[in-house]
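Worksheet: one structure, shown below.
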Amino acid sequence: MSGTDVRQETEDPGPGGYAAARLRLLTEGTRSGPPRRAALAGLTDDWLAGLFTAAVRRLPRPGGGRAEGGLDGVSLVAVGGYGRGELSPRSDLDLVLLHDGSDPAAVAALADRLWYPVWDLGLALDHSVRTPAEARRTAGEDLKVHLGLLDARHLAGDAGLTAALRTTALTDWRNQAPKRLPELRELCAERAGRQGELRYLLEPDLKEARGGLRDATALRAVAASWLADAPREGLADARRSLLDVRDALHLATGRATDRLALQEQDQVAGELGLLDADALLRQVYEAARVIAYAGDVTWREVGRVLRSRAVRPRLRALMGGGRPAAERSPLAEGVVEQDGEVVLARAARPERDPVLPLRAAAAAAQAGLPLSLHAVRRMAATVRPLPAPWPAEAREQLVTLLGSGRPTVDVWEALEAEGLITRLLPDWERVRCRPQRNAVHLWTVDRHLIETAVRASELARRVSRPDLLLVAALLHDIGKGWPGDHSLAGEIIAKDVATRIGFDRADVAVLSALVRHHLLLIETATRRDLDDPATVRAVAEAVGTPGTLELLHALTEADALATGPAAWSAWRGSLVADLVGRVRAVLAGDVPDEPEPAAPTAEQERLAVEAHRTGGPVLALRAQTEPVPDEERSGDPEPLGVELLIAVPDQPGVLPAVAGVLAVHRLTVRTAELRALRLPDGVDDEGTVLLLNWRVAAEYGSLPQATRLRADLVRALDGSLDIAGRLAERDAAYPRRRGWTAPPPRVTVAPAASHHATVIEVRAQDAPGLLHRIGTALEKAGVRVRSMHVSTLGSNAVDAFYVTTGAQAPLPGPDAASLAGVLEETLRG
């Protein structure tokens with residue numbers, strides 16, 4: 001639709017012409033992005049101006065008649081996003097009816113004739129009616145109002161009135177900048193704390209989150225103060241990218257929303273012509289990173305300017321009016337500190353010193369100072385590539401940077417913002433801003449790698465080669481940018497990167513092994529029977545040496561801690577430490593004995609006799625805690641869970657009954673062992689009692705009483721408690737994502753995982769009663785469960801079941817494959 005067509009269609013100020021033109025503009029496929037936003041703003045401008053003119057003509061004049069000649073001292077002003085001409089399909093119309101106060105009744109009537117047509121069309125309207133003095137006073141009291149006035153734009157009426165308001169608002173903003181800018185910075189920080197970092201969220205708020213559209217608007221306000229300016233390179237493109245995504249989101253949902261929900265991301269990606277939701281998120285994250293970094297640099301500059309303004313008068317008085325020279329403190333060769341930032345020394349020659357970026361970054365991280373934007377840009381523009389392999393100093397500076405703890409994050413971001421990281425490590429490009437579609441992960445892949453290095457720096461004193469630990473932390477997920485198993489792809493990449501960095505052949509082999517096996521310890525510890533010698537021997541063969549085991553242990557902990565709070569706990573740590581101790585013994589030459597059935601404890605015997613005597617289940621609950629060395633003790637030991645011992649006369653259906661009762665009581669199962677116990681000598685009647693040893697934890701709240709658990713277990717075993725029905729009710733109430741379907745379950749047989757049982761591994765969406773369903777299927781298949789190991793991360797459950805025949809032998813191969821197929825079909829149903 002041309003501009004002429006739009007004007008012809010909206011000459012009548014009634015809503016019909018505007019609505020038709022607006023609909024046509026939003027549904028035509030020829031325009032999108034800035035041209036469509038500008039066209040929508042222009043279309044709306046013409047319509048509102050027409051409404052204003054028609055309303056003024058219909059107003060009664062003092063003394064009778066109509067105000068055919070117009071109404072002096074009144075203007076219609078667009079502010080905020082509409083003032084900037086950035087109208088998305090469902091954006092609010094931010095309007096101020098400005099008047100000189102001479103005829104309040106006429107202005108009130110005019111306002112009604114303006115606002116009601118907007119409301120009649122269902123458009124969101126943020127409106128106010130003010131005199132210039134009222135607008136100025138309100139802006140002085142409300143920072144958000146003042147920010148909106150900075151983008152004031154005349155629509156209709158008295159243009160001089162609008163110009164005066166705009167001039168006054170800008171003048172006040174510049175005069176009050178020393179007070180207003182700290183307020184604005186605090187407002188941005190408070191909003192970031194509430195909404196989070198846009199570039200790491202799976203369902204980000206494009207406007208409110210840090211690095212979003214509000215931050216971009218705040219940077220415009222800083223520039224308008226003339227006190228400081230944001231780095232312009234890439235900023236306009238980043239803002240435009242987020243606006244384009246918001247436009248597509250409005251069109252896809254038909255709602256005025258800034259929240260990019262998971263179920264809408266594929267459709268929004270389609271609107272923008274992107275491959276998929278991952279490509280969409282990566283584009284959003286890239287834009288947010290640019291805006292967030294520009295904000296960091298800008299607010300740092302604002303702080304420096306305000307500090308200098310506060311200090312300069314006193315210094316001038318002391319020095320007789322002369323301008324003081326900035327102090328420069330040497331930090332490293334070619335690197336100095338100046339005014340709270342790390343800058344290049346005057347004698348530095350980046351074009352002759354390819355190690356300078358790493359040296360400057362390491363010095364900044366060690367000093368806990370930011371890298372100057374000017375210094376980073378100068379190095380990016382002039383520095384030569386490092387030779388391959390890198391000189392020893394470059395490798396040492398990289399390790400120093402990675403080992404500097406939390407300051408490493410901001411320094412790395414500064415290098416990344418100017419493209420220096422991908423020059424040093426070209427493989428970084430594939431993981432940069434890559435989303436991780438797992439709620440357990442707090443970060444994108446690239447930020448997770450840096451966070452892992454930060455965590456690894458805290459564990460560096462536990463290992464003999466901290467340099468290898470830190471580099472492995474940086475590279476352990478580098479394969480996530482490639483198809484297939486990221487550990488296998490990462491092993492190849494790590495070998496190439498380590499060689500290029502300059503490690504010798506032996507170190508390269510260790511680094512590639514660490515990347516290849518970085519999930520080995522945590523997966524084995526939480527999903528396998530550690531009492532089975534085959535488990536320990538398999539890990540020992542994969543690790544190879546005590547030194548590699550030591551590094552892998554620290555890397556495992558750093559990786560989990562950097563993933564998020566759900567990925568590491570005292571329980572997981574204790575399992576990994578147990579596994580490491582067993583593997584260390586094997587690597588030292590100790591041969592693990594074949595497991596023999598452990599003699600029952602006195603408590604187990606007591607429970608077994610009681611179960612046999614009563615003919616029903618008996619149980620005991622006992623809290624488990626992590627032992628803490630005296631020198632590290634601070635408060636109570638951390639709980640590892642609760643040990644639940646159950647003894648019940650041998651009968652069908654015990655496993656599904658117990659699993660169902662635990663699910664009904666909202667108890668999470670971590671591990672479980674089942675064994676048949678012959679009654680001890682001295683008991684009159686012969687018989688077998690099943691002994692179940694579970695480690696459980698409450699989903700929330702306190703643990704149920706043992707008497708209630710026993711009562712429900714009795715009812716479950718005799719059939720009077722409808723476990724399936726109770727769990728179905730819970731499942732129906734279980735929160736689900738709208739428009740999202742869980743990946744299908746996968747059941748596999750782990751070959752050679754044990755010499756004494758067949759290991760069946762189940763990967764499925766976690767849900768109430770999952771173990772009950774699996775237990776029921778195993779019961780129907782006629783197999784015995786020797787033990788099971790449960791691992792749940794976020795919504796994904798990975799459970800391993802050690803099953804045997806009735807004769808306590810592993811299942812034959814065909815039977816094991818058939819059982820896996822039956823389980824998978826059961827879970828799919």
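Ligands are numbered from 1 in the order shown, chains are lettered A, B, ... in the order of the structure tokens, and residues start at 1 in each chain.
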| Excluding same-chain residues fewer than 6 positions from Ala489 of chain A, what lies within 9 Å of it counting only C-alpha atoms, as a PyMOL selection string? | chain A and resi 478-483+516
Keeping only C-alpha atoms, write the selected residues to a file as a compact mmCIF listing (two decimals), in the first residue's frame.
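The result, written out as again_12.txt:
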# COMPACT_ATOMS: atom_id res chain seq x y z
CA ILE A 478 33.23 -27.13 22.62
CA GLY A 479 31.69 -29.95 20.56
CA LYS A 480 28.12 -28.73 21.16
CA GLY A 481 28.27 -26.71 17.99
CA TRP A 482 28.62 -29.88 15.92
CA PRO A 483 26.19 -32.70 15.12
CA ARG A 516 35.88 -37.01 25.82
| task | Extract the full set of alpha helix (DSSP H) residues from segment 436-521 of chain A according to DSSP on the backbone, and format it as a ChimeraX atom specification. | result | /A:445-458,466-475,486-501,505-516,520-521
| task | Please provide as an NGL selection string all residues within 9 Å of segment 220-224 of chain A, with the sequence filter that same-chain residues fewer than 2 positions apart are discarded (counting only C-alpha atoms). | result | :A and (147 or 150 or 170 or 173-174 or 177 or 181 or 184 or 215-218 or 226-230 or 298-299 or 302)
| task | Considering only C-alpha atoms, return as a PyMOL selection string whatever protein or nucleic-acid residues lie within 7 Å of segment 658-666 of chain A, sequence-local ones (same chain, fewer than 5 positions apart) excluded. | result | chain A and resi 698-699+712-713+723+726-727+768-769+771-772
| said: Between A:Leu123, A:Leu555, A:Leu424, A:Leu519, which residue has the minimum interatomic distance to Tyr18 of chain A, considering only C-alpha atoms? | reply: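 Smallest distance to Tyr18 of chain A is found for A:Leu123.
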| query | Which is closest to Ala781 of chain A among A:Val145, A:Leu459, A:Val759, A:Ala816, if we use only C-alpha atoms? | reply |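 Residue with the minimum atom-to-atom distance to Ala781 of chain A: A:Ala816.
When only C-alpha atoms are used to compute distances to Glu557 of chain A, the closest of the residues A:Glu301, A:Asp467, A:Asp531, A:Glu458 turns out to be A:Glu458.
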| message | I want to know what sits within 10 Å of segment 267-282 of chain A, based on only C-alpha atoms, with residues of the same chain fewer than 3 positions away left out; could you give that as a PyMOL selection string? | response | chain A and resi 32-33+198-204+244-253+260-264+285-288+431-437+444
| task | Would you mind reading off the distance between atom CA of Ala105 of chain A and atom CA of Ala49 of chain A, one decimal, in Å? | result |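 Atom-to-atom, atom CA of Ala105 of chain A and atom CA of Ala49 of chain A are spaced 20.4 Å apart.
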| query | For Ala534 of chain A, which residue among A:Asp45, A:Gly813, A:Ala752, A:Pro743 is the nearest when counting only C-alpha atoms? | reply | A:Ala752
| For Glu233 of chain A, which residue out of A:Ala394, A:Leu373, A:Leu143, A:Ala189 is the nearest one, using only C-alpha atoms? | A:Leu373
Can you tell me which residues surround Arg352 of chain A at a distance of at most 10 Å, considering only C-alpha atoms, apart from same-chain residues fewer than 3 positions away, and format the answer as a short mmCIF file (atom, residue, chain, number, x, y, z; two decimals) with N, CA, C and O atoms, in the first residue's frame?
data_model
loop_
_atom_site.label_atom_id
_atom_site.label_comp_id
_atom_site.auth_asym_id
_atom_site.auth_seq_id
_atom_site.Cartn_x
_atom_site.Cartn_y
_atom_site.Cartn_z
N ALA A 348 53.13 0.79 23.90
CA ALA A 348 52.64 -0.50 23.39
C ALA A 348 52.51 -0.46 21.88
O ALA A 348 52.09 0.55 21.30
N ARG A 349 52.86 -1.56 21.24
CA ARG A 349 52.76 -1.69 19.79
C ARG A 349 52.00 -2.98 19.46
O ARG A 349 52.59 -4.02 19.22
N VAL A 355 50.89 -11.28 21.40
CA VAL A 355 50.47 -11.80 22.71
C VAL A 355 49.77 -10.71 23.53
O VAL A 355 49.14 -11.00 24.55
N LEU A 356 49.82 -9.47 23.10
CA LEU A 356 49.31 -8.35 23.89
C LEU A 356 47.84 -8.53 24.32
O LEU A 356 47.51 -8.25 25.49
N THR A 382 44.54 -3.85 15.08
CA THR A 382 45.94 -3.83 14.65
C THR A 382 46.74 -5.09 14.97
O THR A 382 47.78 -5.32 14.36
N VAL A 383 46.29 -5.91 15.92
CA VAL A 383 47.13 -7.01 16.37
C VAL A 383 47.23 -8.09 15.29
O VAL A 383 46.28 -8.34 14.53
N ARG A 384 48.39 -8.72 15.20
CA ARG A 384 48.61 -9.80 14.24
C ARG A 384 48.20 -11.13 14.87
O ARG A 384 48.22 -11.29 16.08
#
| request: Pick out the residues sitting within 7 Å of Trp694 of chain A, and hand them over as a ChimeraX atom specification; count only C-alpha atoms, and ignore anything fewer than 4 positions along from it in its own chain. | output: /A:643-645,671-673
| field | Closest of A:Ala192, A:Ala599, A:Leu243, A:Val497 to Pro426 of chain A - atom-to-atom distances counting only C-alpha atoms | value |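 For Pro426 of chain A, the nearest of the given residues is A:Val497.
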